[in-house]
Amino acid sequence: MLTTNPEYWEQRYQEDTAKWDIGMAAPPFASLLASTKAPIAGKTAVVGCGQGHDAILFAKHGFDTIGFDFAPSAIALGQKLSQTMGISIQFLQRDIFALPQEFPASFDYAIEHTCFCAIRPEQRSDYVKMVRSILKPTGELIALFWAHNRPDGPPFGTTLEEILDLFSASFDASNISPVSNSIASRYGEEYLARFRVLR
C-alpha cells in the first residue's frame, strides 16, 4: 500500500471509503477559533486537507489558506464546497512531501488533522521535516492528533509519547492537551497541539 500514491487516495474517494472525513470542520478547531486563545490570522497550509472542511473554517476566520491533498477528487470537492459558500481559498493537488521545494518557509501556520495518521508510521519523521520546512521561522503547527490504538490502518494509531518524541527536536511541543469536544467515535483519543518552531 502506497499512501504517498495519489491513485491510492483517489480510489478511496471514488469508492466513498474516506471514512476519516467527518463531513464538517473538527469541533476542537471551531472552538479554538471562536475563543480568546485564537491565533492571529496569517498565511496557512492545511496538509492532507481532504474535502476541505477545516481549510474552509480557517479561511472563514480570515486566514489566507491553501489546502493541499494527494487526491484530485478531494481537491475538486473542496473547491466546489468553498465556491458554494463564497469562501476565498486555494486548493492544490500536491504530494505533501514535495511541498518544501515549492513552498519553503512560506507559511505562518500549518494545520494537521488526520494526515499524520493517514500516512504510514515510517513516514512520520519525514512528515515532521516537511511541516518544519514549509513554516516560517516564527511559524506554528496547529494540530488535532488522533491517537487511537486500533491495529492496522490507515488511519494508523499513535501515542502522545510518540508525538512528543517526533516533534520535540523541531518544535516547542509543550502545548498539547486532550480535547473534550471530539466527535463521538474519537472521544478520548484526540489531542490539540500548538507547536511553535524552535529558533
# chains A, B, ... in the order shown; residues from 1 in each chain; ligands from 1
>>> residues_around(residues="Gly139 of chain A", least_positions_apart="5", cutoff="10 Å", atoms="only C-alpha atoms", output="PDB file with all heavy atoms, in the first residue's frame")
ATOM      1  N   GLY A  42      -3.148  34.472   9.553  1.00  0.00           N
ATOM      2  CA  GLY A  42      -1.920  34.527   8.777  1.00  0.00           C
ATOM      3  C   GLY A  42      -2.000  33.553   7.620  1.00  0.00           C
ATOM      4  O   GLY A  42      -3.036  32.918   7.383  1.00  0.00           O
ATOM      5  N   LYS A  43      -0.902  33.417   6.902  1.00  0.00           N
ATOM      6  CA  LYS A  43      -0.860  32.504   5.757  1.00  0.00           C
ATOM      7  C   LYS A  43      -0.792  31.067   6.265  1.00  0.00           C
ATOM      8  O   LYS A  43       0.073  30.722   7.079  1.00  0.00           O
ATOM      9  CB  LYS A  43       0.335  32.819   4.870  1.00  0.00           C
ATOM     10  CG  LYS A  43       0.302  32.054   3.551  1.00  0.00           C
ATOM     11  CD  LYS A  43       1.346  32.544   2.575  1.00  0.00           C
ATOM     12  CE  LYS A  43       1.224  31.779   1.257  1.00  0.00           C
ATOM     13  NZ  LYS A  43       2.277  32.214   0.289  1.00  0.00           N
ATOM     14  N   THR A  44      -1.687  30.234   5.764  1.00  0.00           N
ATOM     15  CA  THR A  44      -1.934  28.928   6.383  1.00  0.00           C
ATOM     16  C   THR A  44      -1.966  27.814   5.349  1.00  0.00           C
ATOM     17  O   THR A  44      -2.624  27.930   4.315  1.00  0.00           O
ATOM     18  CB  THR A  44      -3.284  28.968   7.137  1.00  0.00           C
ATOM     19  OG1 THR A  44      -3.231  30.006   8.111  1.00  0.00           O
ATOM     20  CG2 THR A  44      -3.582  27.644   7.817  1.00  0.00           C
ATOM     21  N   ALA A 105       9.596  27.775   3.761  1.00  0.00           N
ATOM     22  CA  ALA A 105       9.432  28.835   4.768  1.00  0.00           C
ATOM     23  C   ALA A 105       8.356  29.838   4.362  1.00  0.00           C
ATOM     24  O   ALA A 105       8.541  31.049   4.471  1.00  0.00           O
ATOM     25  CB  ALA A 105      10.760  29.542   5.002  1.00  0.00           C
ATOM     26  N   SER A 106       7.211  29.350   3.946  1.00  0.00           N
ATOM     27  CA  SER A 106       6.177  30.189   3.332  1.00  0.00           C
ATOM     28  C   SER A 106       4.974  30.477   4.213  1.00  0.00           C
ATOM     29  O   SER A 106       4.210  31.399   3.913  1.00  0.00           O
ATOM     30  CB  SER A 106       5.679  29.531   2.040  1.00  0.00           C
ATOM     31  OG  SER A 106       6.713  29.405   1.097  1.00  0.00           O
ATOM     32  N   PHE A 107       4.765  29.712   5.276  1.00  0.00           N
ATOM     33  CA  PHE A 107       3.501  29.784   5.995  1.00  0.00           C
ATOM     34  C   PHE A 107       3.689  30.171   7.461  1.00  0.00           C
ATOM     35  O   PHE A 107       4.650  29.773   8.113  1.00  0.00           O
ATOM     36  CB  PHE A 107       2.768  28.439   5.927  1.00  0.00           C
ATOM     37  CG  PHE A 107       2.359  28.058   4.520  1.00  0.00           C
ATOM     38  CD1 PHE A 107       3.140  27.191   3.773  1.00  0.00           C
ATOM     39  CD2 PHE A 107       1.210  28.580   3.949  1.00  0.00           C
ATOM     40  CE1 PHE A 107       2.782  26.841   2.481  1.00  0.00           C
ATOM     41  CE2 PHE A 107       0.848  28.253   2.657  1.00  0.00           C
ATOM     42  CZ  PHE A 107       1.629  27.373   1.923  1.00  0.00           C
ATOM     43  N   ASP A 108       2.720  30.936   7.960  1.00  0.00           N
ATOM     44  CA  ASP A 108       2.670  31.241   9.383  1.00  0.00           C
ATOM     45  C   ASP A 108       2.143  30.056  10.182  1.00  0.00           C
ATOM     46  O   ASP A 108       2.533  29.864  11.338  1.00  0.00           O
ATOM     47  CB  ASP A 108       1.746  32.443   9.628  1.00  0.00           C
ATOM     48  CG  ASP A 108       2.219  33.695   8.913  1.00  0.00           C
ATOM     49  OD1 ASP A 108       3.312  34.172   9.244  1.00  0.00           O
ATOM     50  OD2 ASP A 108       1.494  34.178   8.021  1.00  0.00           O
ATOM     51  N   TYR A 109       1.258  29.277   9.550  1.00  0.00           N
ATOM     52  CA  TYR A 109       0.641  28.132  10.226  1.00  0.00           C
ATOM     53  C   TYR A 109       0.563  26.939   9.282  1.00  0.00           C
ATOM     54  O   TYR A 109       0.355  27.096   8.077  1.00  0.00           O
ATOM     55  CB  TYR A 109      -0.793  28.458  10.683  1.00  0.00           C
ATOM     56  CG  TYR A 109      -0.910  29.653  11.579  1.00  0.00           C
ATOM     57  CD1 TYR A 109      -1.303  30.887  11.070  1.00  0.00           C
ATOM     58  CD2 TYR A 109      -0.620  29.569  12.946  1.00  0.00           C
ATOM     59  CE1 TYR A 109      -1.403  32.004  11.888  1.00  0.00           C
ATOM     60  CE2 TYR A 109      -0.723  30.679  13.764  1.00  0.00           C
ATOM     61  CZ  TYR A 109      -1.114  31.898  13.228  1.00  0.00           C
ATOM     62  OH  TYR A 109      -1.209  32.999  14.042  1.00  0.00           O
ATOM     63  N   ALA A 110       0.721  25.760   9.855  1.00  0.00           N
ATOM     64  CA  ALA A 110       0.356  24.512   9.187  1.00  0.00           C
ATOM     65  C   ALA A 110      -0.725  23.860  10.041  1.00  0.00           C
ATOM     66  O   ALA A 110      -0.625  23.853  11.277  1.00  0.00           O
ATOM     67  CB  ALA A 110       1.559  23.586   9.043  1.00  0.00           C
ATOM     68  N   VAL A 131       6.709  19.637   7.497  1.00  0.00           N
ATOM     69  CA  VAL A 131       5.972  20.714   8.167  1.00  0.00           C
ATOM     70  C   VAL A 131       6.930  21.811   8.611  1.00  0.00           C
ATOM     71  O   VAL A 131       6.671  23.015   8.394  1.00  0.00           O
ATOM     72  CB  VAL A 131       5.176  20.168   9.363  1.00  0.00           C
ATOM     73  CG1 VAL A 131       4.593  21.301  10.191  1.00  0.00           C
ATOM     74  CG2 VAL A 131       4.056  19.239   8.882  1.00  0.00           C
ATOM     75  N   ARG A 132       8.039  21.435   9.208  1.00  0.00           N
ATOM     76  CA  ARG A 132       9.023  22.431   9.654  1.00  0.00           C
ATOM     77  C   ARG A 132       9.541  23.237   8.473  1.00  0.00           C
ATOM     78  O   ARG A 132       9.742  24.462   8.591  1.00  0.00           O
ATOM     79  CB  ARG A 132      10.188  21.732  10.372  1.00  0.00           C
ATOM     80  CG  ARG A 132      11.343  22.648  10.737  1.00  0.00           C
ATOM     81  CD  ARG A 132      10.906  23.721  11.709  1.00  0.00           C
ATOM     82  NE  ARG A 132      11.965  24.704  11.960  1.00  0.00           N
ATOM     83  CZ  ARG A 132      12.198  25.777  11.206  1.00  0.00           C
ATOM     84  NH1 ARG A 132      11.461  26.005  10.125  1.00  0.00           N
ATOM     85  NH2 ARG A 132      13.157  26.621  11.522  1.00  0.00           N
ATOM     86  N   ILE A 134       8.089  24.055   5.588  1.00  0.00           N
ATOM     87  CA  ILE A 134       7.167  24.997   4.935  1.00  0.00           C
ATOM     88  C   ILE A 134       6.769  26.145   5.854  1.00  0.00           C
ATOM     89  O   ILE A 134       6.188  27.130   5.401  1.00  0.00           O
ATOM     90  CB  ILE A 134       5.899  24.291   4.397  1.00  0.00           C
ATOM     91  CG1 ILE A 134       5.035  23.729   5.525  1.00  0.00           C
ATOM     92  CG2 ILE A 134       6.279  23.223   3.384  1.00  0.00           C
ATOM     93  CD1 ILE A 134       3.682  23.184   5.052  1.00  0.00           C
ATOM     94  N   PHE A 171      10.228  21.530  17.237  1.00  0.00           N
ATOM     95  CA  PHE A 171       9.171  22.403  17.738  1.00  0.00           C
ATOM     96  C   PHE A 171       9.187  22.438  19.267  1.00  0.00           C
ATOM     97  O   PHE A 171       9.611  21.481  19.909  1.00  0.00           O
ATOM     98  CB  PHE A 171       7.788  21.884  17.298  1.00  0.00           C
ATOM     99  CG  PHE A 171       7.546  21.935  15.815  1.00  0.00           C
ATOM    100  CD1 PHE A 171       7.958  20.897  14.989  1.00  0.00           C
ATOM    101  CD2 PHE A 171       6.893  23.010  15.248  1.00  0.00           C
ATOM    102  CE1 PHE A 171       7.733  20.939  13.622  1.00  0.00           C
ATOM    103  CE2 PHE A 171       6.648  23.065  13.885  1.00  0.00           C
ATOM    104  CZ  PHE A 171       7.069  22.028  13.074  1.00  0.00           C
ATOM    105  N   PHE A 195       2.234  23.799  18.321  1.00  0.00           N
ATOM    106  CA  PHE A 195       3.670  23.619  18.398  1.00  0.00           C
ATOM    107  C   PHE A 195       4.371  24.752  17.634  1.00  0.00           C
ATOM    108  O   PHE A 195       4.228  24.861  16.408  1.00  0.00           O
ATOM    109  CB  PHE A 195       4.093  22.281  17.769  1.00  0.00           C
ATOM    110  CG  PHE A 195       3.670  21.052  18.549  1.00  0.00           C
ATOM    111  CD1 PHE A 195       3.766  19.806  17.954  1.00  0.00           C
ATOM    112  CD2 PHE A 195       3.202  21.146  19.843  1.00  0.00           C
ATOM    113  CE1 PHE A 195       3.400  18.661  18.651  1.00  0.00           C
ATOM    114  CE2 PHE A 195       2.837  20.003  20.556  1.00  0.00           C
ATOM    115  CZ  PHE A 195       2.936  18.757  19.943  1.00  0.00           C
ATOM    116  N   ARG A 196       5.138  25.575  18.346  1.00  0.00           N
ATOM    117  CA  ARG A 196       5.887  26.647  17.697  1.00  0.00           C
ATOM    118  C   ARG A 196       7.246  26.134  17.243  1.00  0.00           C
ATOM    119  O   ARG A 196       7.878  25.304  17.916  1.00  0.00           O
ATOM    120  CB  ARG A 196       6.083  27.816  18.668  1.00  0.00           C
ATOM    121  CG  ARG A 196       4.834  28.619  18.874  1.00  0.00           C
ATOM    122  CD  ARG A 196       5.142  30.115  18.801  1.00  0.00           C
ATOM    123  NE  ARG A 196       3.888  30.879  18.724  1.00  0.00           N
ATOM    124  CZ  ARG A 196       3.449  31.454  17.625  1.00  0.00           C
ATOM    125  NH1 ARG A 196       4.126  31.317  16.495  1.00  0.00           N
ATOM    126  NH2 ARG A 196       2.334  32.161  17.638  1.00  0.00           N
ATOM    127  N   VAL A 197       7.684  26.643  16.102  1.00  0.00           N
ATOM    128  CA  VAL A 197       9.009  26.289  15.584  1.00  0.00           C
ATOM    129  C   VAL A 197      10.073  26.718  16.588  1.00  0.00           C
ATOM    130  O   VAL A 197      10.024  27.820  17.148  1.00  0.00           O
ATOM    131  CB  VAL A 197       9.254  26.996  14.231  1.00  0.00           C
ATOM    132  CG1 VAL A 197      10.694  26.831  13.791  1.00  0.00           C
ATOM    133  CG2 VAL A 197       8.301  26.453  13.173  1.00  0.00           C
ATOM    134  N   LEU A 198      11.023  25.826  16.838  1.00  0.00           N
ATOM    135  CA  LEU A 198      12.159  26.168  17.699  1.00  0.00           C
ATOM    136  C   LEU A 198      13.116  27.056  16.935  1.00  0.00           C
ATOM    137  O   LEU A 198      13.424  26.790  15.766  1.00  0.00           O
ATOM    138  CB  LEU A 198      12.884  24.904  18.159  1.00  0.00           C
ATOM    139  CG  LEU A 198      12.222  24.056  19.233  1.00  0.00           C
ATOM    140  CD1 LEU A 198      13.047  22.792  19.453  1.00  0.00           C
ATOM    141  CD2 LEU A 198      12.066  24.823  20.525  1.00  0.00           C
TER     142      LEU A 198
END
>>> select_by_dssp(residues="chain A", states="helix (DSSP H, G or I)", output="MDAnalysis selection string")
chainID A and resid 6:14 27:33 53:60 72:85 96:102 121:134 160:167 184:186
>>> closest_residue(among="A:Pro104, A:Pro137, A:Pro72, A:Pro121", to="Phe91 of chain A", atoms="only C-alpha atoms")
A:Pro72
>>> closest_residue(among="A:Ile183, A:Ala76, A:Ile56, A:Ala45", to="Ala143 of chain A", atoms="only C-alpha atoms")
A:Ala45
>>> atom_distance(atom1="atom CA of Leu164 of chain A", atom2="atom CA of Ile176 of chain A")
9.1 Å
>>> atom_distance(atom1="atom CA of Ile163 of chain A", atom2="atom CA of Gly62 of chain A")
28.9 Å
>>> residues_around(residues="Phe68 of chain A", least_positions_apart="6", cutoff="10 Å", atoms="only C-alpha atoms", output="PyMOL selection string")
chain A and resi 45-52+55+74-75+90-96+99
>>> write_last_selection(atoms="N, CA, C and O atoms", output="tab-separated table (two decimals), in the first residue's frame")
chain	number	residue	atom	x	y	z
A	45	ALA	N	-1.26	26.72	5.66
A	45	ALA	CA	-1.29	25.50	4.84
A	45	ALA	C	-2.05	24.42	5.60
A	45	ALA	O	-1.72	24.14	6.76
A	46	VAL	N	-3.04	23.83	4.96
A	46	VAL	CA	-3.75	22.69	5.54
A	46	VAL	C	-3.28	21.46	4.76
A	46	VAL	O	-3.62	21.29	3.59
A	47	VAL	N	-2.47	20.63	5.41
A	47	VAL	CA	-1.85	19.50	4.72
A	47	VAL	C	-2.75	18.27	4.83
A	47	VAL	O	-3.30	17.97	5.89
A	48	GLY	N	-2.93	17.58	3.71
A	48	GLY	CA	-3.86	16.46	3.68
A	48	GLY	C	-5.27	16.95	3.99
A	48	GLY	O	-5.95	16.41	4.85
A	49	CYS	N	-5.69	17.97	3.27
A	49	CYS	CA	-6.92	18.70	3.63
A	49	CYS	C	-8.20	17.95	3.34
A	49	CYS	O	-9.28	18.36	3.79
A	50	GLY	N	-8.13	16.84	2.57
A	50	GLY	CA	-9.36	16.12	2.24
A	50	GLY	C	-10.33	17.02	1.51
A	50	GLY	O	-9.95	17.79	0.62
A	51	GLN	N	-11.60	16.95	1.89
A	51	GLN	CA	-12.62	17.73	1.21
A	51	GLN	C	-12.66	19.18	1.67
A	51	GLN	O	-13.50	19.95	1.21
A	52	GLY	N	-11.77	19.57	2.57
A	52	GLY	CA	-11.54	20.97	2.82
A	52	GLY	C	-12.32	21.62	3.95
A	52	GLY	O	-12.28	22.84	4.10
A	55	ALA	N	-9.95	23.56	6.25
A	55	ALA	CA	-9.36	24.66	5.49
A	55	ALA	C	-10.37	25.79	5.32
A	55	ALA	O	-10.03	26.97	5.49
A	74	ALA	N	-10.60	14.96	-3.91
A	74	ALA	CA	-10.70	15.73	-2.67
A	74	ALA	C	-10.57	17.22	-2.96
A	74	ALA	O	-11.33	18.05	-2.44
A	75	ILE	N	-9.60	17.57	-3.82
A	75	ILE	CA	-9.40	18.97	-4.19
A	75	ILE	C	-10.63	19.52	-4.89
A	75	ILE	O	-11.09	20.64	-4.60
A	90	GLN	N	-7.63	28.68	-1.69
A	90	GLN	CA	-7.00	27.89	-2.73
A	90	GLN	C	-6.96	26.42	-2.32
A	90	GLN	O	-6.72	26.10	-1.15
A	91	PHE	N	-7.18	25.53	-3.29
A	91	PHE	CA	-6.96	24.11	-3.10
A	91	PHE	C	-6.04	23.62	-4.20
A	91	PHE	O	-6.27	23.88	-5.38
A	92	LEU	N	-4.95	22.93	-3.81
A	92	LEU	CA	-3.96	22.45	-4.77
A	92	LEU	C	-3.70	20.97	-4.58
A	92	LEU	O	-3.48	20.51	-3.45
A	93	GLN	N	-3.71	20.21	-5.67
A	93	GLN	CA	-3.40	18.79	-5.62
A	93	GLN	C	-1.88	18.65	-5.64
A	93	GLN	O	-1.21	19.04	-6.59
A	94	ARG	N	-1.34	18.13	-4.55
A	94	ARG	CA	0.11	18.01	-4.40
A	94	ARG	C	0.46	16.77	-3.59
A	94	ARG	O	-0.33	16.30	-2.75
A	95	ASP	N	1.66	16.27	-3.81
A	95	ASP	CA	2.31	15.34	-2.89
A	95	ASP	C	2.81	16.19	-1.73
A	95	ASP	O	3.69	17.05	-1.92
A	96	ILE	N	2.26	16.00	-0.55
A	96	ILE	CA	2.62	16.90	0.56
A	96	ILE	C	4.10	16.84	0.88
A	96	ILE	O	4.68	17.82	1.37
A	99	LEU	N	6.15	19.56	-0.82
A	99	LEU	CA	5.81	20.97	-0.57
A	99	LEU	C	7.02	21.85	-0.24
A	99	LEU	O	7.06	23.02	-0.62
>>> closest_residue(among="A:Ile40, A:Pro154, A:Pro100, A:Ser35", to="Lys136 of chain A", atoms="only C-alpha atoms")
A:Pro100
>>> closest_residue(among="A:Thr158, A:Thr114, A:Asn175, A:Ser180", to="Glu140 of chain A", atoms="only C-alpha atoms")
A:Asn175
>>> closest_residue(among="A:Phe167, A:Phe103, A:Tyr191, A:Tyr127", to="Trp146 of chain A", atoms="only C-alpha atoms")
A:Tyr191
>>> select_by_dssp(residues="chain A", states="strand (DSSP E or B)", output="ChimeraX atom specification")
/A:43-47,64-69,90-93,107-113,135-146,171-172,176-178,190-197
>>> atom_distance(atom1="atom CA of Ala193 of chain A", atom2="atom CA of Met85 of chain A")
28.2 Å
>>> residues_around(residues="Arg120 of chain A", least_positions_apart="3", cutoff="8 Å", atoms="only C-alpha atoms", output="list in words")
Thr3, Cys117, Gln123, Arg124, Pro154 and Phe156 of chain A
>>> write_last_selection(atoms="C-alpha atoms", output="PDB file, in the first residue's frame")
ATOM      1  CA  THR A   3      -0.083   6.038   0.986  1.00  0.00           C
ATOM      2  CA  CYS A 117      -2.475   9.209  10.985  1.00  0.00           C
ATOM      3  CA  GLN A 123       6.949   8.314   7.049  1.00  0.00           C
ATOM      4  CA  ARG A 124       6.275  10.354  10.172  1.00  0.00           C
ATOM      5  CA  PRO A 154      -4.994   3.981   7.674  1.00  0.00           C
ATOM      6  CA  PHE A 156      -2.704   4.373  11.837  1.00  0.00           C
TER       7      PHE A 156
END
>>> closest_residue(among="A:Ile111, A:Val128, A:Ile66, A:Ala26", to="Gln79 of chain A", atoms="only C-alpha atoms")
A:Ile66
>>> decode(residues="segment 112-129 of chain A", atoms="N, CA and C atoms", output="compact mmCIF listing (two decimals), in the first residue's frame")
# COMPACT_ATOMS: atom_id res chain seq x y z
N GLU A 112 -2.92 20.46 10.87
CA GLU A 112 -2.90 18.99 10.80
C GLU A 112 -4.18 18.41 11.39
N HIS A 113 -4.84 17.58 10.61
CA HIS A 113 -5.99 16.83 11.11
C HIS A 113 -6.17 15.60 10.23
N THR A 114 -5.88 14.44 10.74
CA THR A 114 -5.99 13.14 10.07
C THR A 114 -5.09 12.98 8.85
N CYS A 115 -4.01 13.76 8.77
CA CYS A 115 -2.98 13.49 7.76
C CYS A 115 -1.86 12.66 8.39
N PHE A 116 -1.44 13.06 9.59
CA PHE A 116 -0.40 12.34 10.32
C PHE A 116 -0.78 10.86 10.50
N CYS A 117 -2.04 10.60 10.77
CA CYS A 117 -2.48 9.21 10.98
C CYS A 117 -2.76 8.48 9.67
N ALA A 118 -2.81 9.21 8.56
CA ALA A 118 -3.11 8.58 7.28
C ALA A 118 -1.86 8.02 6.60
N ILE A 119 -0.74 8.69 6.78
CA ILE A 119 0.50 8.20 6.18
C ILE A 119 1.05 7.05 7.01
N ARG A 120 1.92 6.28 6.41
CA ARG A 120 2.48 5.14 7.13
C ARG A 120 3.40 5.62 8.26
N PRO A 121 3.41 4.91 9.39
CA PRO A 121 4.22 5.36 10.53
C PRO A 121 5.69 5.62 10.21
N GLU A 122 6.26 4.86 9.29
CA GLU A 122 7.67 5.08 8.97
C GLU A 122 7.89 6.39 8.20
N GLN A 123 6.83 7.03 7.74
CA GLN A 123 6.95 8.31 7.05
C GLN A 123 6.83 9.51 8.00
N ARG A 124 6.60 9.26 9.26
CA ARG A 124 6.28 10.35 10.17
C ARG A 124 7.44 11.30 10.41
N SER A 125 8.65 10.81 10.45
CA SER A 125 9.80 11.71 10.59
C SER A 125 9.90 12.65 9.40
N ASP A 126 9.64 12.12 8.20
CA ASP A 126 9.65 12.96 7.01
C ASP A 126 8.51 13.97 7.04
N TYR A 127 7.40 13.57 7.62
CA TYR A 127 6.26 14.49 7.76
C TYR A 127 6.66 15.68 8.65
N VAL A 128 7.31 15.40 9.77
CA VAL A 128 7.75 16.47 10.67
C VAL A 128 8.71 17.42 9.94
N LYS A 129 9.65 16.86 9.19
CA LYS A 129 10.60 17.69 8.44
C LYS A 129 9.87 18.54 7.40
